[in-house]
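Shown next, in C-alpha cells, is the structure this report addresses.
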Amino acid sequence: MSQPGIPASGGAPAGLQAQNGASSASGSLYTNGPVQNALMSSQVSVNEGYNSQLPGSYPHLIPAKTLNPVSGQSNYGGSQTVSPLSIYQGPGQTLYRPPVASNPVTPSLHSGPVPRMPLPTSQNPAATPMPSGSFLPGANVQPPLNWQYNYPSTGSQTNHCPRVSSQPAVSGNTNLTSHQYVSSGDPSLQNNFIKSATPQHANKNPTMSRSVGYSYPSLPPGYQNTAPPSTTGMPPSSLNYSSGPQGFTQTPLGANHLTASMSGLSLHPEGLRVINLLQERNMLPATSLQPPVPNLHEDIQKLNCNPELFRCTLTSIPQTQALLNKAKLPLGLLLHPFKDLVQLPVVTSSTIVRCRSCRTYINPFVSFLDQRRWKCNLCYRVNDVPEEFMYNPLTRVYGEPHRRPEVQNATIEFMAPSEYMLRPPQPPVYLFVFDVSHNAVETGYLNSVCQSLLDNLDLLPGNTRTKIGFITFDSTIHFYSLQEGLAQPQMLIVSDIEDVFIPMPENLLVNLNESKELVQDLLKTLPQMFTKTLETQSALGPALQAAFKLMSPTGGRMSVFQTQLPTLGVGALRPREEPNQRSSAKEIHLTPSTDFYKKLALDCSGQQVAVDLFLLSGQYSDLASLGCISRYSAGSVYYYPSYHHQQNPVQVQKLQKELQRYLTRKIGFEAVMRIRCTKGLSIHTFHGNFFVRSTDLLSLPNVNPDAGYAVQMSVEESLTDTQLVSFQSALLYTSSKGERRIRVHTLCLPVVSTLNEVFLGADVQAISGLLANMAVDRSVTASLSDARDALVNAVIDSLSAYRSSVLSNQQPGLMVPFSLRLFPLFVLALLKQKSFQTGTNARLDERIFAMCQVKNQPLVYLMLTTHPSLYRVDNLSDEGALNINDRTIPQPPILQLSVEKLSRDGAFLMDAGSVLMLWVGKNCGQNFLSQVLGVQNYALIPQIMTDLPELDTPESARIIAFISWLREQRPFFPILYVIRDESPMKANFLQNMVEDRTESALSYYEFLLHIQQQVNK
Ligand SMILES: [Zn+2]
C-alpha cells in the first residue's frame, strides 16, 4: 500500500483513518463551520453583528517590559523608549541560509511499474451498491465534521426564513419623493436610476481608475452580462453568453406566465447524442468549453445570471432527492460573487424591495399577480408592491414595476440604507506584517514588497479615512510610530512575546494621507534595516497576536509575509514533512498541527479582520497549519516556493505582478454573504475561505474579486409543484469608499422529472469543480487515497446510473450522455492535479497550496489549472482570428493533452492558468526561432527565458498578441516559461499531459477501459 506509484485500493487502514479522523476533529485544515469546542461557543456570541469589542481573552493593558538583552535595543518598558530607525542596525555577522532547492521542479517521468487502478472488488462490492470511496449519500458516511454545516432536521425552514440582524426588514416606503437616483453616466442615456460606482467627478485620485476593480463605466439602459471582448478578467467563455434585457418584451405579469409556455427549446440536437467514449475519445472542443445553457424559455434565460458568477452543477434540477440520488451526480452551486464586472447596475433607492417572509430581494424571476402584488419565487409568499416601486425611473412611467431595474437584472447592486448598518461603515485599514529574520532578509523579498507598496501606495483602494500600519518581527516584535509631524518613523521593539502588548496604539495605524511621507520613508528604509541581522528565530504567532490587537478596534486587512517555519512563542511549529513519504497517498500531514491559527483567525473574523498570508519559503513551512489563519478569516494564501531575489528571478517577477493586483484590486470590508434557494432545496455544505457565522450566513471580513465559493445542496421536499427554482446570493459589504452595498445575483433553473433530463442538463465543469472541493475535504478528513477513490467512483456511479436507467438497449462500449462526455477526462485530470496526485515528489506545502487553490479559486481558473489548454503556436495564422480594438488575436485550436499532439518541429503553448509554458521542439523551424524567439539556432535559446522579444515580424506580433490576450482574461499574471527540450522545466510541461500514462497514473484510454469495466458489470 505504501509503495509509491501504486494507487491504494480503497480506503486507508482502519488505524490510519482513526488517527486522521481524530486529528481532524480538533480543527482540520479545510474545516469550517460550527465546532464543538469552547472556542466556538464564545465566538458565536461575539460575532453576531458588528460590535467591535475585544474578545475577553485579551484584557491586558500595557505592562512594564524589560530590555532586550539580545539586540541591545531599548525596548518598550514602563516608560516609552523609542529608537529612530536610523539607529537600528542588526548584528554585524552573516549567517548562511540553509540550502534550498534551486528550483521547485518535480522530477521528470520515469518508466515504472504499470499502474493499477483500485481493485474493483474492494471498490464496488456487489453486496453494497455504494462504494466505500464515494461522495454519495449513504456511502462511507463520515461522522459529522466540525467544518461541515449540517442543517438540523428542520426541513428547509432554516434556509428560507432566516432573519439577519444586519438585514432588517425594509418597510414599505410609500414616499415617492424619497428617490435618490444618481447618475454619473452619459446624460444622453436618460438613465437616471443607475449610479456609476466610481463617478469620475468624485475620483480624486486620477490613477485610481486604472484599477480594474474600480471601473464601472456608465451603463446603457439595461444591464448586459456580456463583457466587451477587450475587457480583462473575463474568460472567453463569457463573451457571447446571455445578452442583456434589451429588446425584452416583458410578459406583463412576469415569469409565472412564461413557465406555461416552456418546452425543450434550447438544447442543440448535438446535446441529445449518446457517445461511446471508447470510439470517440477526442471529445475536447477546439475552443474553450461553454457552460450548458439552462433549458428555459428564452425570455427567462436572457435575464438569467451569467454562469461565470453563479453556476449550478445541474442546469435541470431533479424534482426529488430520490431522482437526484438516482443520477449519482452532485448538486451544488459555484459562485464568483465579487468578480470584477465591466457593467454593473447600481441602484440607489430608499426602498429595497424584499420578500417579507424569506427576505429574498425582488428579482427577474418573481411573478407579478397584478400591479400591486408580487409572488416570491423562493418561498411563494405574495407581497405587496410598495408605492415607490410603482414608478419606473428608467422610463419615468408610473405603474410598471416589472420594468424596474431590480426586475430586469439578475445581477444588481444596491446602495444600502442606514438600516443595513449596525455601526458606521469601517474605514479601509491595511496592516502589513513582515518577517525580518535572517532567513527573510536572505531571500531579499522586502525590497520587492516595499518597492511594490511605494509604487502602489496611491492606488490602494480607499478614501480620506484610509489607515495604514506596519509591524516587523523576528524573535521580537517591532512597531513603527508614523504619527503625523514626526521627523522620521520611530521603531518600538517589544521583546516580551509571551504577553504581547501594543505600545502607543494610537500612532501605529495612521491616516495614510496625513502620514504619507513617513510611510514612504519607512518603506524606503525597511529593506536596509535588517540586512545584518543574526536573528534566525521567528515569532510569527506573537506577531499575529499583536497585529490582531492593533486592528481589533477597526477591522481591516492584514497582509502577512512569512519565510519559514515559526519557531518562537505561541503558534511555533515543528517540521513534520518526511521527504521519502511525499509520494505516498497516506500518512501525509494535511491537517494542522495546532489549532492556534484557526482560533486566532476566528478572533480576527469576529473583529472584521481578514489575514492574507504570503509564504515565501524554500523549506517546509507547514502551510497546513499556517493556512488556517487565512482560511477562517476569509483571507487568501499566496505561495512562492524557493523565493530568492537573485536565484529565482521568475518568482520575483511573479510576486511583483501579483502584489500589483493584490494591492490595487477592489476590496469589500466587513462583509457577509447569504445564499438562498427556492423552498424545497437546502444548502448543506460550504466551500471557500470564510467562517459560517450562523446557520447559513458566511462571515467575510474581507471579500476580494478573485475568490470563488461552492456549496452543496440537497432536495429536501419534492419540487413537483413547481417548474422553476431560483438561487440568490446576497453579499453585503462596505466599499473602500465607505458605502454599504449589497450585491445580489439570482439564478433561475428548470425542474425536471426524468433522469434523462437531469443528465442532459449536467454541467461537467461545475460538477468537476464541486467534486474537487469535496475531494479536498475528503483528503483531510479521511485520506488522499479515499478521496481519489471517491473521484473515480463519482464517474463510475453516474455513468452506471445512466447506462442502467436511461439507455434502453445495452450497447457495448462506454456510453455517456453528451453533457458528460468530458467527465472521465476531467476526473482523470483531477487525479493528476497537484492536490490529489500520488507517486510524485510533490512537496507537502505545494500540495496543501494546491488544495487551498481548489477551495478558493473561481471555477474557470480551477479548470485551467486542472486541465490546461494546449495550443500549437509555431504556425499561427490570422484565419479565424479575433479582432479587438484593431488588434488581431489568433485563435489556434485547443489540442488534447497528449505527447501524441506534440511534434519536434513545432512549438506548443500550454496555458495552465497561473503559468504559461512554451515548449519548443528540437527541430522547430528556423522561422520560429528567428522571427519569434530572436535566436539563430536552437542551442541559442537561453536556459531561462520568461519573455518573448517584441520583434518586428508578423510571427512575433501574432504570438505576442495571443499571449497578451490570454493574460488579459485573468486578474493575475501568468508567468511565461520558454522550455527547451532538455530544460528541467520540461517535466512540468509533461506532467500536465493528462491523457498520457505516468509512472503512477493511467492514461486516458486505460482509465476509460477501467470505467467501462466497472460500469458494465
Ligand atoms: Zn419569499
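We label chains A, B, ... in the order they appear in the C-alpha cells, count residues from 1 in each chain, and number ligands from 1 in the order shown.
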
Within-10 Å residues of ligand 1, basis only C-alpha atoms and all ligand atoms, as a list in words: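 With only C-alpha atoms and all ligand atoms and a cut-off of 10 Å, ligand 1 is contacted by His160, Cys161, Arg354, Cys355, Arg356, Ser357, Cys358, Arg359, Thr360, Tyr361, Ile362, Val366, Lys375, Cys376, Asn377, Leu378, Cys379, Tyr380, Arg381, Val382, Asn383, Arg676, Cys677, Thr678 and Lys679 of chain A.
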
Just-selected residues, C-alpha atoms written as a tab-separated table (two decimals), in the first residue's frame:
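Printed below is part-v8.tsv as written:
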```tsv
chain	number	residue	atom	x	y	z
A	160	HIS	CA	-35.77	30.09	3.79
A	161	CYS	CA	-36.81	32.14	6.68
A	354	ARG	CA	-37.62	42.15	-0.37
A	355	CYS	CA	-39.95	39.29	0.46
A	356	ARG	CA	-41.48	39.85	3.87
A	357	SER	CA	-41.26	36.18	4.65
A	358	CYS	CA	-37.87	34.92	3.43
A	359	ARG	CA	-36.07	38.24	2.79
A	360	THR	CA	-35.34	37.45	-0.85
A	361	TYR	CA	-34.54	40.51	-2.92
A	362	ILE	CA	-37.01	41.19	-5.70
A	366	VAL	CA	-40.65	36.76	-9.28
A	375	LYS	CA	-45.13	36.48	-5.52
A	376	CYS	CA	-41.77	35.44	-4.13
A	377	ASN	CA	-40.00	32.86	-6.30
A	378	LEU	CA	-38.25	31.33	-3.29
A	379	CYS	CA	-40.98	30.92	-0.67
A	380	TYR	CA	-44.08	31.76	-2.78
A	381	ARG	CA	-45.37	34.39	-0.38
A	382	VAL	CA	-47.46	37.08	-2.01
A	383	ASN	CA	-46.07	40.52	-1.18
A	676	ARG	CA	-31.00	31.43	-0.52
A	677	CYS	CA	-32.83	28.93	-2.65
A	678	THR	CA	-36.37	28.01	-3.52
A	679	LYS	CA	-38.35	26.22	-0.86
```

Near-stretch 442-445 of chain A list (12 Å; only C-alpha atoms; drop same-chain fewer than 5 positions) as a VMD selection string: chain A and resid 94 to 100 434 to 437 450 to 452 526 to 528 530 to 536 561 to 564 614 to 618 640 to 649 651 to 656 659

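Atom CA of A:Val932 lies 8.9 Å from atom CA of A:Pro954.
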
DSSP-assigned strand (DSSP E or B) among stretch 641-809 of chain A, expressed as a PyMOL selection string: chain A and resi 668-677+681-687+691-694+697-703+709-715+724-734+740-752+762

Those residues you just picked out, can you put them in a file as a PDB file, in the first residue's frame with C-alpha atoms?
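Wrote part-v1.pdb, looks like this:
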```
ATOM      1  CA  GLY A 668     -15.025  44.844   0.360  1.00  0.00           C
ATOM      2  CA  PHE A 669     -14.835  45.115   4.137  1.00  0.00           C
ATOM      3  CA  GLU A 670     -16.984  43.677   6.947  1.00  0.00           C
ATOM      4  CA  ALA A 671     -18.933  41.526   4.509  1.00  0.00           C
ATOM      5  CA  VAL A 672     -21.491  38.812   4.963  1.00  0.00           C
ATOM      6  CA  MET A 673     -22.914  36.573   2.277  1.00  0.00           C
ATOM      7  CA  ARG A 674     -26.091  34.571   2.332  1.00  0.00           C
ATOM      8  CA  ILE A 675     -27.302  32.146  -0.306  1.00  0.00           C
ATOM      9  CA  ARG A 676     -30.999  31.433  -0.519  1.00  0.00           C
ATOM     10  CA  CYS A 677     -32.827  28.930  -2.652  1.00  0.00           C
ATOM     11  CA  LEU A 681     -33.987  22.881  -1.760  1.00  0.00           C
ATOM     12  CA  SER A 682     -31.466  23.019   1.034  1.00  0.00           C
ATOM     13  CA  ILE A 683     -27.838  24.079   1.221  1.00  0.00           C
ATOM     14  CA  HIS A 684     -25.751  21.905   3.487  1.00  0.00           C
ATOM     15  CA  THR A 685     -22.029  22.373   2.928  1.00  0.00           C
ATOM     16  CA  PHE A 686     -19.987  25.437   2.069  1.00  0.00           C
ATOM     17  CA  HIS A 687     -16.567  25.544   0.425  1.00  0.00           C
ATOM     18  CA  PHE A 691     -16.454  31.344   8.663  1.00  0.00           C
ATOM     19  CA  VAL A 692     -20.047  30.161   8.856  1.00  0.00           C
ATOM     20  CA  ARG A 693     -21.385  32.636  11.336  1.00  0.00           C
ATOM     21  CA  SER A 694     -24.919  31.479  11.877  1.00  0.00           C
ATOM     22  CA  LEU A 697     -24.502  33.322   6.916  1.00  0.00           C
ATOM     23  CA  LEU A 698     -20.921  33.403   5.710  1.00  0.00           C
ATOM     24  CA  SER A 699     -18.717  35.871   7.517  1.00  0.00           C
ATOM     25  CA  LEU A 700     -16.236  37.549   5.172  1.00  0.00           C
ATOM     26  CA  PRO A 701     -14.186  40.210   6.978  1.00  0.00           C
ATOM     27  CA  ASN A 702     -12.772  40.984   3.524  1.00  0.00           C
ATOM     28  CA  VAL A 703     -14.114  39.990   0.167  1.00  0.00           C
ATOM     29  CA  TYR A 709     -17.055  29.686  -3.363  1.00  0.00           C
ATOM     30  CA  ALA A 710     -19.023  26.484  -3.700  1.00  0.00           C
ATOM     31  CA  VAL A 711     -21.967  24.977  -1.868  1.00  0.00           C
ATOM     32  CA  GLN A 712     -23.580  21.562  -1.874  1.00  0.00           C
ATOM     33  CA  MET A 713     -27.332  21.163  -1.899  1.00  0.00           C
ATOM     34  CA  SER A 714     -29.988  18.567  -1.479  1.00  0.00           C
ATOM     35  CA  VAL A 715     -33.654  18.341  -2.398  1.00  0.00           C
ATOM     36  CA  LEU A 724     -38.718  26.728 -11.880  1.00  0.00           C
ATOM     37  CA  VAL A 725     -36.411  27.123  -8.938  1.00  0.00           C
ATOM     38  CA  SER A 726     -34.174  30.062  -8.099  1.00  0.00           C
ATOM     39  CA  PHE A 727     -30.979  30.674  -6.174  1.00  0.00           C
ATOM     40  CA  GLN A 728     -29.985  34.038  -4.845  1.00  0.00           C
ATOM     41  CA  SER A 729     -26.749  35.168  -3.281  1.00  0.00           C
ATOM     42  CA  ALA A 730     -26.617  38.469  -1.441  1.00  0.00           C
ATOM     43  CA  LEU A 731     -23.285  39.949  -0.461  1.00  0.00           C
ATOM     44  CA  LEU A 732     -23.453  42.849   1.974  1.00  0.00           C
ATOM     45  CA  TYR A 733     -20.167  44.738   2.233  1.00  0.00           C
ATOM     46  CA  THR A 734     -18.553  48.081   2.902  1.00  0.00           C
ATOM     47  CA  ARG A 740     -22.589  49.949   2.493  1.00  0.00           C
ATOM     48  CA  ARG A 741     -23.588  47.978  -0.586  1.00  0.00           C
ATOM     49  CA  ILE A 742     -25.435  44.778  -1.394  1.00  0.00           C
ATOM     50  CA  ARG A 743     -24.552  42.786  -4.484  1.00  0.00           C
ATOM     51  CA  VAL A 744     -27.268  40.361  -5.490  1.00  0.00           C
ATOM     52  CA  HIS A 745     -27.106  37.551  -8.056  1.00  0.00           C
ATOM     53  CA  THR A 746     -30.140  35.444  -8.922  1.00  0.00           C
ATOM     54  CA  LEU A 747     -30.071  32.254 -10.959  1.00  0.00           C
ATOM     55  CA  CYS A 748     -33.178  30.540 -12.279  1.00  0.00           C
ATOM     56  CA  LEU A 749     -33.312  26.889 -13.396  1.00  0.00           C
ATOM     57  CA  PRO A 750     -35.984  24.475 -14.590  1.00  0.00           C
ATOM     58  CA  VAL A 751     -37.172  21.488 -12.578  1.00  0.00           C
ATOM     59  CA  VAL A 752     -37.319  18.141 -14.368  1.00  0.00           C
ATOM     60  CA  ALA A 762     -25.399  18.307 -16.368  1.00  0.00           C
TER      61      ALA A 762
END
```

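The spacing separating atom CA of A:Tyr1005 from atom CA of A:Ser898 amounts to 11.3 Å.
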
Residue among A:Leu344, A:Ala961, A:Ala634, A:Val611 lying closest to A:Asn883, counting only C-alpha atoms: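 Looking only at the distances to A:Asn883, the closest residue turns out to be A:Ala961.
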